[in-house]
Amino acid sequence: MLADAIAAEAWRLHRNRAVVFWGFIAMPLGVLLFNLMLNTWIALHMRLPVRLDLGQQLISGVALTGSAFFQVFYAAAAASLFAADYRWETWRLITPRNSRANLLVAKWLVYGLFCAASLLALALVALLQTLYGAALGGAVTLHSGAFPAQAALVFMVSWTELMLLGAVAAIAAVVSRASMAALLTAIFFSFAQAIGMAAVH
C-alpha cells in the first residue's frame, strides 16, 4: 500500500511542473547562470585565471542548501505538496484508496527523492562551472583525494536538513490545513536554525 502511495504521489508531483521547477530546479539553475556570468566577468575584466578546486566546488555546491535563503525554495515545495489536498479538498477522494498515514509518508518520501535529485543537480552545476572555468583558461585542481567521502557526507547532511524542513512543513500543513501557514512555519524554522547555528559558532 505504501509503495502504491509513493508511486501515486511521485506521479502527481511530476505533473505539477510549477512546484517541480520553482521548488527543485530554479535554485540550481540560478546558481549555474550566476556562476557562469561571474566567471566570465572575472576572466574578461580582471584578466585573472579562474582558479577552481573541483573537489571544493562540488562540496560547496551541495552545501548551498544549508543557506536559509535557498531553503525557501524547498520550503515552498514542501508546503505545496503537503497542503494541496487540504486546499483542493481532495483528501476525501484519495483516502478510500489508501490510509492517510501512508499518503503523508509517501508525500514526505517523494519530497525527499526530489530533494536528492536537486542536490545532484547542484553537484552537476559545480562540475559544469569547473569545466567552464577550464575552458576560459583557468586552473582546475583537485587538492584533496578524500573529497568523494567528504562530498558524500555533505550530501547526506544537506539532504537530512531538507528532510527535516519537509517534516516541519508537513506537521504545519496537517495542523493548519493551509499552505501559507506551512510555508511560513518552515521558513521560520529555517531562519531560526540558521541563527542558532551562527550563535553556536
# chains A, B, ... in the order shown; residues from 1 in each chain; ligands from 1

call {"tool": "residues_around", "arguments": {"residues": "Tyr86 (chain A)", "least_positions_apart": "5", "cutoff": "7 Å", "atoms": "only C-alpha atoms", "output": "PyMOL selection string"}}
result
chain A and resi 91+177-178

call {"tool": "write_last_selection", "arguments": {"atoms": "N, CA and C atoms", "output": "CSV table (one decimal), in the first residue's frame"}}
result
chain,number,residue,atom,x,y,z
A,91,TRP,N,-8.6,15.1,-0.1
A,91,TRP,CA,-8.4,14.0,0.8
A,91,TRP,C,-9.5,13.0,0.7
A,177,ARG,N,-3.9,23.1,8.0
A,177,ARG,CA,-4.6,22.8,6.8
A,177,ARG,C,-4.5,24.0,5.8
A,178,ALA,N,-3.4,24.7,5.8
A,178,ALA,CA,-3.2,25.8,4.9
A,178,ALA,C,-1.7,25.8,4.4

call {"tool": "closest_atom_pairs", "arguments": {"of": "region 26-74 of chain A", "to": "region 109-127 of chain A", "cutoff": "9 Å", "atoms": "only C-alpha atoms", "output": "Markdown table"}}
result
| residue | atom | partner | partner_atom | distance |
| --- | --- | --- | --- | --- |
| A:Met27 | CA | A:Leu122 | CA | 8.5 |
| A:Pro28 | CA | A:Leu122 | CA | 5.3 |
| A:Leu29 | CA | A:Val125 | CA | 7.8 |
| A:Val31 | CA | A:Val125 | CA | 7.5 |
| A:Leu32 | CA | A:Val125 | CA | 5.6 |
| A:Asn35 | CA | A:Ala126 | CA | 8.9 |
| A:Leu54 | CA | A:Leu127 | CA | 7.1 |
| A:Gln57 | CA | A:Ala126 | CA | 5.5 |
| A:Leu58 | CA | A:Ala126 | CA | 5.3 |
| A:Ile59 | CA | A:Ala123 | CA | 7.7 |
| A:Ser60 | CA | A:Ala126 | CA | 8.2 |
| A:Gly61 | CA | A:Leu122 | CA | 5.6 |
| A:Val62 | CA | A:Leu122 | CA | 5.6 |
| A:Ala63 | CA | A:Leu119 | CA | 8.7 |
| A:Leu64 | CA | A:Leu122 | CA | 8.3 |
| A:Thr65 | CA | A:Leu119 | CA | 8.0 |
| A:Tyr74 | CA | A:Cys115 | CA | 7.7 |

call {"tool": "write_last_selection", "arguments": {"atoms": "all heavy atoms", "output": "tab-separated table (two decimals), in the first residue's frame"}}
result
chain	number	residue	atom	x	y	z
A	27	MET	N	16.59	26.87	-8.21
A	27	MET	CA	17.77	27.22	-7.44
A	27	MET	C	19.06	26.71	-8.10
A	27	MET	O	19.99	27.50	-8.33
A	27	MET	CB	17.65	26.70	-6.00
A	27	MET	CG	18.62	27.37	-5.04
A	27	MET	SD	20.19	26.54	-4.89
A	27	MET	CE	19.76	25.25	-3.73
A	28	PRO	N	19.17	25.43	-8.47
A	28	PRO	CA	20.38	25.00	-9.19
A	28	PRO	C	20.59	25.75	-10.50
A	28	PRO	O	21.73	26.11	-10.84
A	28	PRO	CB	20.13	23.50	-9.44
A	28	PRO	CG	19.19	23.10	-8.37
A	28	PRO	CD	18.30	24.28	-8.15
A	29	LEU	N	19.51	26.01	-11.23
A	29	LEU	CA	19.63	26.74	-12.50
A	29	LEU	C	20.12	28.17	-12.26
A	29	LEU	O	20.99	28.67	-12.98
A	29	LEU	CB	18.28	26.76	-13.21
A	29	LEU	CG	18.24	27.44	-14.58
A	29	LEU	CD1	19.19	26.76	-15.55
A	29	LEU	CD2	16.81	27.45	-15.13
A	31	VAL	N	21.89	29.25	-9.71
A	31	VAL	CA	23.30	29.18	-9.28
A	31	VAL	C	24.21	28.99	-10.48
A	31	VAL	O	25.27	29.61	-10.59
A	31	VAL	CB	23.49	28.04	-8.26
A	31	VAL	CG1	24.97	27.79	-7.99
A	31	VAL	CG2	22.78	28.37	-6.96
A	32	LEU	N	23.79	28.13	-11.42
A	32	LEU	CA	24.60	27.89	-12.62
A	32	LEU	C	24.77	29.17	-13.43
A	32	LEU	O	25.90	29.53	-13.80
A	32	LEU	CB	23.94	26.80	-13.47
A	32	LEU	CG	24.59	26.54	-14.83
A	32	LEU	CD1	26.01	26.04	-14.67
A	32	LEU	CD2	23.76	25.56	-15.65
A	35	ASN	N	27.02	31.73	-11.58
A	35	ASN	CA	28.44	31.37	-11.55
A	35	ASN	C	29.09	31.50	-12.93
A	35	ASN	O	30.24	31.92	-13.04
A	35	ASN	CB	28.61	29.94	-11.04
A	35	ASN	CG	28.39	29.84	-9.54
A	35	ASN	OD1	28.52	30.83	-8.82
A	35	ASN	ND2	28.05	28.66	-9.06
A	54	LEU	N	38.14	21.37	-8.00
A	54	LEU	CA	36.97	20.57	-8.34
A	54	LEU	C	36.30	19.99	-7.10
A	54	LEU	O	35.08	20.06	-6.94
A	54	LEU	CB	37.36	19.45	-9.30
A	54	LEU	CG	36.24	18.46	-9.67
A	54	LEU	CD1	35.06	19.19	-10.31
A	54	LEU	CD2	36.77	17.37	-10.60
A	57	GLN	N	34.60	22.72	-5.13
A	57	GLN	CA	33.43	23.22	-5.84
A	57	GLN	C	32.24	22.28	-5.65
A	57	GLN	O	31.11	22.73	-5.43
A	57	GLN	CB	33.75	23.37	-7.33
A	57	GLN	CG	34.68	24.52	-7.65
A	57	GLN	CD	34.08	25.86	-7.31
A	57	GLN	OE1	32.92	26.12	-7.59
A	57	GLN	NE2	34.87	26.73	-6.71
A	58	LEU	N	32.48	20.98	-5.74
A	58	LEU	CA	31.39	20.01	-5.55
A	58	LEU	C	30.83	20.08	-4.14
A	58	LEU	O	29.61	20.08	-3.93
A	58	LEU	CB	31.90	18.60	-5.85
A	58	LEU	CG	32.18	18.29	-7.33
A	58	LEU	CD1	32.85	16.93	-7.46
A	58	LEU	CD2	30.89	18.32	-8.14
A	59	ILE	N	31.72	20.13	-3.16
A	59	ILE	CA	31.28	20.19	-1.76
A	59	ILE	C	30.52	21.48	-1.49
A	59	ILE	O	29.44	21.47	-0.87
A	59	ILE	CB	32.49	20.05	-0.82
A	59	ILE	CG1	33.08	18.64	-0.94
A	59	ILE	CG2	32.10	20.35	0.62
A	59	ILE	CD1	34.39	18.45	-0.20
A	60	SER	N	31.06	22.60	-1.95
A	60	SER	CA	30.39	23.89	-1.72
A	60	SER	C	29.05	23.96	-2.43
A	60	SER	O	28.09	24.54	-1.91
A	60	SER	CB	31.29	25.04	-2.20
A	60	SER	OG	32.51	25.05	-1.49
A	61	GLY	N	28.98	23.38	-3.64
A	61	GLY	CA	27.72	23.40	-4.38
A	61	GLY	C	26.62	22.66	-3.67
A	61	GLY	O	25.49	23.17	-3.53
A	62	VAL	N	26.92	21.47	-3.18
A	62	VAL	CA	25.91	20.68	-2.47
A	62	VAL	C	25.54	21.33	-1.14
A	62	VAL	O	24.38	21.25	-0.71
A	62	VAL	CB	26.42	19.24	-2.25
A	62	VAL	CG1	25.45	18.44	-1.38
A	62	VAL	CG2	26.63	18.53	-3.58
A	63	ALA	N	26.51	22.02	-0.52
A	63	ALA	CA	26.26	22.64	0.79
A	63	ALA	C	25.42	23.91	0.70
A	63	ALA	O	25.01	24.45	1.74
A	63	ALA	CB	27.59	22.96	1.48
A	64	LEU	N	25.14	24.39	-0.52
A	64	LEU	CA	24.36	25.62	-0.66
A	64	LEU	C	22.97	25.51	-0.03
A	64	LEU	O	22.41	26.51	0.41
A	64	LEU	CB	24.21	25.98	-2.13
A	64	LEU	CG	25.41	26.63	-2.81
A	64	LEU	CD1	25.16	26.80	-4.30
A	64	LEU	CD2	25.74	27.96	-2.17
A	65	THR	N	22.42	24.30	0.01
A	65	THR	CA	21.07	24.15	0.56
A	65	THR	C	21.04	24.37	2.07
A	65	THR	O	19.97	24.40	2.66
A	65	THR	CB	20.51	22.76	0.24
A	65	THR	OG1	21.40	21.75	0.75
A	65	THR	CG2	20.35	22.57	-1.25
A	74	TYR	N	12.75	25.08	-1.20
A	74	TYR	CA	12.33	23.74	-0.80
A	74	TYR	C	11.15	23.80	0.18
A	74	TYR	O	10.28	22.93	0.15
A	74	TYR	CB	13.51	23.00	-0.16
A	74	TYR	CG	14.67	22.83	-1.11
A	74	TYR	CD1	15.73	23.72	-1.11
A	74	TYR	CD2	14.69	21.79	-2.04
A	74	TYR	CE1	16.79	23.59	-1.99
A	74	TYR	CE2	15.74	21.64	-2.92
A	74	TYR	CZ	16.79	22.54	-2.90
A	74	TYR	OH	17.83	22.40	-3.78

call {"tool": "select_by_dssp", "arguments": {"residues": "chain A", "states": "alpha helix (DSSP H)", "output": "MDAnalysis selection string"}}
result
chainID A and resid 2:15 17:20 26:45 54:63 68:87 91:94 100:135 147:176 179:200

call {"tool": "write_last_selection", "arguments": {"atoms": "C-alpha atoms", "output": "compact mmCIF listing (two decimals), in the first residue's frame"}}
result
# COMPACT_ATOMS: atom_id res chain seq x y z
CA LEU A 2 2.84 2.40 0.82
CA ALA A 3 4.53 1.60 -2.49
CA ASP A 4 1.30 2.44 -4.31
CA ALA A 5 1.04 5.72 -2.42
CA ILE A 6 4.65 6.62 -3.26
CA ALA A 7 4.10 5.89 -6.95
CA ALA A 8 0.91 7.95 -6.98
CA GLU A 9 2.46 10.91 -5.15
CA ALA A 10 5.53 10.83 -7.41
CA TRP A 11 3.27 10.95 -10.46
CA ARG A 12 1.22 13.80 -9.03
CA LEU A 13 4.29 15.88 -8.16
CA HIS A 14 5.87 15.13 -11.53
CA ARG A 15 2.77 16.55 -13.21
CA ARG A 17 5.50 21.44 -13.18
CA ALA A 18 5.37 24.76 -11.33
CA VAL A 19 6.23 23.15 -7.98
CA VAL A 20 8.92 20.96 -9.53
CA ALA A 26 15.10 27.04 -10.13
CA MET A 27 17.77 27.22 -7.44
CA PRO A 28 20.38 25.00 -9.19
CA LEU A 29 19.63 26.74 -12.50
CA GLY A 30 20.01 30.19 -10.92
CA VAL A 31 23.30 29.18 -9.28
CA LEU A 32 24.60 27.89 -12.62
CA LEU A 33 23.75 31.09 -14.51
CA PHE A 34 25.18 33.32 -11.76
CA ASN A 35 28.44 31.37 -11.55
CA LEU A 36 28.91 31.28 -15.32
CA MET A 37 28.38 35.04 -15.56
CA LEU A 38 30.71 35.66 -12.61
CA ASN A 39 33.48 33.51 -14.06
CA THR A 40 33.09 35.22 -17.44
CA TRP A 41 33.27 38.68 -15.86
CA ILE A 42 36.40 37.77 -13.89
CA ALA A 43 38.09 36.33 -16.96
CA LEU A 44 37.22 39.31 -19.21
CA HIS A 45 37.57 42.29 -16.88
CA LEU A 54 36.97 20.57 -8.34
CA GLY A 55 36.53 18.83 -5.00
CA GLN A 56 35.84 22.05 -3.14
CA GLN A 57 33.43 23.22 -5.84
CA LEU A 58 31.39 20.01 -5.55
CA ILE A 59 31.28 20.19 -1.76
CA SER A 60 30.39 23.89 -1.72
CA GLY A 61 27.72 23.40 -4.38
CA VAL A 62 25.91 20.68 -2.47
CA ALA A 63 26.26 22.64 0.79
CA ALA A 68 18.20 29.68 4.87
CA PHE A 69 17.66 31.77 1.73
CA PHE A 70 17.92 28.77 -0.59
CA GLN A 71 15.82 26.61 1.72
CA VAL A 72 12.87 28.90 1.00
CA PHE A 73 12.51 27.18 -2.39
CA TYR A 74 12.33 23.74 -0.80
CA ALA A 75 10.00 25.02 1.93
CA ALA A 76 7.61 26.30 -0.74
CA ALA A 77 7.67 22.93 -2.50
CA ALA A 78 7.04 21.06 0.75
CA ALA A 79 4.20 23.38 1.76
CA SER A 80 2.52 22.96 -1.61
CA LEU A 81 2.99 19.20 -1.56
CA PHE A 82 1.56 18.64 1.90
CA ALA A 83 -1.18 21.26 1.93
CA ALA A 84 -2.53 20.86 -1.61
CA ASP A 85 -5.03 18.16 -0.66
CA TYR A 86 -6.44 20.41 2.06
CA ARG A 87 -6.63 23.38 -0.30
CA TRP A 91 -8.37 14.01 0.77
CA ARG A 92 -11.87 12.55 0.54
CA LEU A 93 -11.08 11.30 -2.97
CA ILE A 94 -7.77 9.59 -2.20
CA ARG A 100 -3.86 8.95 5.34
CA ALA A 101 -0.72 7.90 7.21
CA ASN A 102 0.61 6.11 4.12
CA LEU A 103 -0.22 9.09 1.95
CA LEU A 104 1.59 11.52 4.26
CA VAL A 105 4.65 9.29 4.50
CA ALA A 106 4.59 8.90 0.72
CA LYS A 107 4.50 12.67 0.25
CA TRP A 108 7.49 13.05 2.57
CA LEU A 109 9.49 10.33 0.81
CA VAL A 110 8.70 11.73 -2.64
CA TYR A 111 9.73 15.18 -1.41
CA GLY A 112 12.99 13.60 -0.23
CA LEU A 113 13.54 11.95 -3.60
CA PHE A 114 13.13 15.25 -5.43
CA CYS A 115 15.42 16.95 -2.90
CA ALA A 116 18.09 14.33 -3.59
CA ALA A 117 17.72 14.96 -7.33
CA SER A 118 18.08 18.70 -6.71
CA LEU A 119 21.25 18.13 -4.69
CA LEU A 120 22.67 16.03 -7.52
CA ALA A 121 21.78 18.88 -9.87
CA LEU A 122 23.81 21.25 -7.67
CA ALA A 123 26.76 18.87 -7.90
CA LEU A 124 26.36 18.85 -11.69
CA VAL A 125 26.26 22.66 -11.64
CA ALA A 126 29.57 22.70 -9.76
CA LEU A 127 31.08 20.34 -12.32
CA LEU A 128 29.85 22.46 -15.24
CA GLN A 129 31.20 25.60 -13.59
CA THR A 130 34.59 23.94 -13.18
CA LEU A 131 34.66 22.80 -16.81
CA TYR A 132 33.66 26.30 -17.95
CA GLY A 133 36.45 27.77 -15.85
CA ALA A 134 38.90 25.41 -17.55
CA ALA A 135 37.56 26.49 -20.96
CA PHE A 147 36.84 14.65 -1.44
CA PRO A 148 34.42 11.85 -2.55
CA ALA A 149 33.88 10.84 1.07
CA GLN A 150 33.61 14.48 2.13
CA ALA A 151 31.15 15.23 -0.67
CA ALA A 152 29.05 12.19 0.28
CA LEU A 153 28.97 13.35 3.90
CA VAL A 154 27.96 16.89 2.94
CA PHE A 155 25.30 15.44 0.64
CA MET A 156 23.81 13.39 3.47
CA VAL A 157 23.87 16.34 5.89
CA SER A 158 22.24 18.65 3.34
CA TRP A 159 19.62 16.04 2.46
CA THR A 160 18.84 15.44 6.14
CA GLU A 161 18.36 19.18 6.67
CA LEU A 162 15.92 19.34 3.78
CA MET A 163 14.06 16.28 5.02
CA LEU A 164 13.72 17.90 8.45
CA LEU A 165 12.46 21.06 6.76
CA GLY A 166 9.90 18.97 4.89
CA ALA A 167 8.79 17.29 8.12
CA VAL A 168 8.21 20.69 9.74
CA ALA A 169 6.18 21.82 6.72
CA ALA A 170 4.19 18.58 6.82
CA ILE A 171 3.30 18.98 10.51
CA ALA A 172 2.32 22.62 9.97
CA ALA A 173 0.19 21.68 6.97
CA VAL A 174 -1.64 18.95 8.88
CA VAL A 175 -2.26 21.19 11.88
CA SER A 176 -3.23 24.36 9.98
CA SER A 179 -0.24 26.05 2.55
CA MET A 180 0.69 29.57 3.65
CA ALA A 181 0.90 28.55 7.29
CA ALA A 182 3.03 25.56 6.34
CA LEU A 183 5.32 27.74 4.24
CA LEU A 184 5.75 30.43 6.90
CA THR A 185 6.37 27.83 9.61
CA ALA A 186 9.04 26.11 7.50
CA ILE A 187 10.70 29.44 6.65
CA PHE A 188 10.68 30.49 10.30
CA PHE A 189 12.21 27.15 11.27
CA SER A 190 14.89 27.52 8.60
CA PHE A 191 15.93 31.02 9.66
CA ALA A 192 15.75 30.12 13.36
CA GLN A 193 18.00 27.15 12.70
CA ALA A 194 20.47 29.35 10.79
CA ILE A 195 20.54 31.92 13.60
CA GLY A 196 21.00 29.18 16.18
CA MET A 197 23.91 27.62 14.27
CA ALA A 198 25.54 31.04 13.83
CA ALA A 199 25.22 31.70 17.55
CA VAL A 200 26.82 28.34 18.39

call {"tool": "select_by_dssp", "arguments": {"residues": "region 5-180 of chain A", "states": "strand (DSSP E)", "output": "ChimeraX atom specification"}}
result
/A:52-53,140-141

call {"tool": "write_last_selection", "arguments": {"atoms": "N, CA, C and O atoms", "output": "short mmCIF file (atom, residue, chain, number, x, y, z; two decimals), in the first residue's frame"}}
result
data_model
loop_
_atom_site.label_atom_id
_atom_site.label_comp_id
_atom_site.auth_asym_id
_atom_site.auth_seq_id
_atom_site.Cartn_x
_atom_site.Cartn_y
_atom_site.Cartn_z
N LEU A 52 39.90 27.01 -9.85
CA LEU A 52 38.82 26.22 -9.27
C LEU A 52 39.35 24.88 -8.78
O LEU A 52 40.05 24.18 -9.52
N ASP A 53 39.00 24.56 -7.55
CA ASP A 53 39.31 23.25 -6.99
C ASP A 53 38.05 22.40 -7.17
O ASP A 53 37.01 22.68 -6.58
N VAL A 140 42.33 24.37 -13.00
CA VAL A 140 41.45 23.46 -12.27
C VAL A 140 42.32 22.46 -11.53
O VAL A 140 43.17 21.80 -12.12
N THR A 141 42.12 22.37 -10.23
CA THR A 141 42.94 21.49 -9.40
C THR A 141 42.04 20.55 -8.60
O THR A 141 40.83 20.73 -8.51
#

call {"tool": "decode", "arguments": {"residues": "region 56-107 of chain A", "atoms": "C-alpha atoms", "output": "PDB file, in the first residue's frame"}}
result
ATOM      1  CA  GLN A  56      35.842  22.053  -3.138  1.00  0.00           C
ATOM      2  CA  GLN A  57      33.429  23.215  -5.840  1.00  0.00           C
ATOM      3  CA  LEU A  58      31.394  20.014  -5.550  1.00  0.00           C
ATOM      4  CA  ILE A  59      31.279  20.188  -1.762  1.00  0.00           C
ATOM      5  CA  SER A  60      30.394  23.893  -1.724  1.00  0.00           C
ATOM      6  CA  GLY A  61      27.723  23.402  -4.376  1.00  0.00           C
ATOM      7  CA  VAL A  62      25.907  20.676  -2.472  1.00  0.00           C
ATOM      8  CA  ALA A  63      26.262  22.636   0.790  1.00  0.00           C
ATOM      9  CA  LEU A  64      24.358  25.621  -0.658  1.00  0.00           C
ATOM     10  CA  THR A  65      21.070  24.149   0.561  1.00  0.00           C
ATOM     11  CA  GLY A  66      22.236  24.827   4.107  1.00  0.00           C
ATOM     12  CA  SER A  67      21.505  28.501   3.444  1.00  0.00           C
ATOM     13  CA  ALA A  68      18.199  29.684   4.871  1.00  0.00           C
ATOM     14  CA  PHE A  69      17.656  31.768   1.727  1.00  0.00           C
ATOM     15  CA  PHE A  70      17.919  28.766  -0.592  1.00  0.00           C
ATOM     16  CA  GLN A  71      15.820  26.613   1.724  1.00  0.00           C
ATOM     17  CA  VAL A  72      12.868  28.901   0.996  1.00  0.00           C
ATOM     18  CA  PHE A  73      12.506  27.183  -2.389  1.00  0.00           C
ATOM     19  CA  TYR A  74      12.326  23.737  -0.797  1.00  0.00           C
ATOM     20  CA  ALA A  75      10.001  25.018   1.926  1.00  0.00           C
ATOM     21  CA  ALA A  76       7.615  26.299  -0.745  1.00  0.00           C
ATOM     22  CA  ALA A  77       7.668  22.934  -2.500  1.00  0.00           C
ATOM     23  CA  ALA A  78       7.036  21.061   0.751  1.00  0.00           C
ATOM     24  CA  ALA A  79       4.203  23.382   1.757  1.00  0.00           C
ATOM     25  CA  SER A  80       2.525  22.961  -1.611  1.00  0.00           C
ATOM     26  CA  LEU A  81       2.986  19.196  -1.564  1.00  0.00           C
ATOM     27  CA  PHE A  82       1.556  18.637   1.899  1.00  0.00           C
ATOM     28  CA  ALA A  83      -1.180  21.265   1.927  1.00  0.00           C
ATOM     29  CA  ALA A  84      -2.533  20.863  -1.607  1.00  0.00           C
ATOM     30  CA  ASP A  85      -5.033  18.158  -0.660  1.00  0.00           C
ATOM     31  CA  TYR A  86      -6.438  20.411   2.060  1.00  0.00           C
ATOM     32  CA  ARG A  87      -6.627  23.384  -0.299  1.00  0.00           C
ATOM     33  CA  TRP A  88      -8.360  21.468  -3.088  1.00  0.00           C
ATOM     34  CA  GLU A  89     -10.309  19.222  -0.696  1.00  0.00           C
ATOM     35  CA  THR A  90      -9.086  16.060  -2.372  1.00  0.00           C
ATOM     36  CA  TRP A  91      -8.371  14.011   0.768  1.00  0.00           C
ATOM     37  CA  ARG A  92     -11.873  12.552   0.543  1.00  0.00           C
ATOM     38  CA  LEU A  93     -11.083  11.301  -2.966  1.00  0.00           C
ATOM     39  CA  ILE A  94      -7.774   9.592  -2.197  1.00  0.00           C
ATOM     40  CA  THR A  95      -8.169   8.264   1.359  1.00  0.00           C
ATOM     41  CA  PRO A  96     -10.635   5.497   0.340  1.00  0.00           C
ATOM     42  CA  ARG A  97      -7.789   4.044  -1.740  1.00  0.00           C
ATOM     43  CA  ASN A  98      -5.105   4.256   0.952  1.00  0.00           C
ATOM     44  CA  SER A  99      -4.615   5.329   4.543  1.00  0.00           C
ATOM     45  CA  ARG A 100      -3.860   8.945   5.339  1.00  0.00           C
ATOM     46  CA  ALA A 101      -0.717   7.897   7.209  1.00  0.00           C
ATOM     47  CA  ASN A 102       0.606   6.105   4.122  1.00  0.00           C
ATOM     48  CA  LEU A 103      -0.220   9.087   1.953  1.00  0.00           C
ATOM     49  CA  LEU A 104       1.586  11.523   4.257  1.00  0.00           C
ATOM     50  CA  VAL A 105       4.654   9.293   4.497  1.00  0.00           C
ATOM     51  CA  ALA A 106       4.594   8.895   0.717  1.00  0.00           C
ATOM     52  CA  LYS A 107       4.497  12.667   0.246  1.00  0.00           C
TER      53      LYS A 107
END
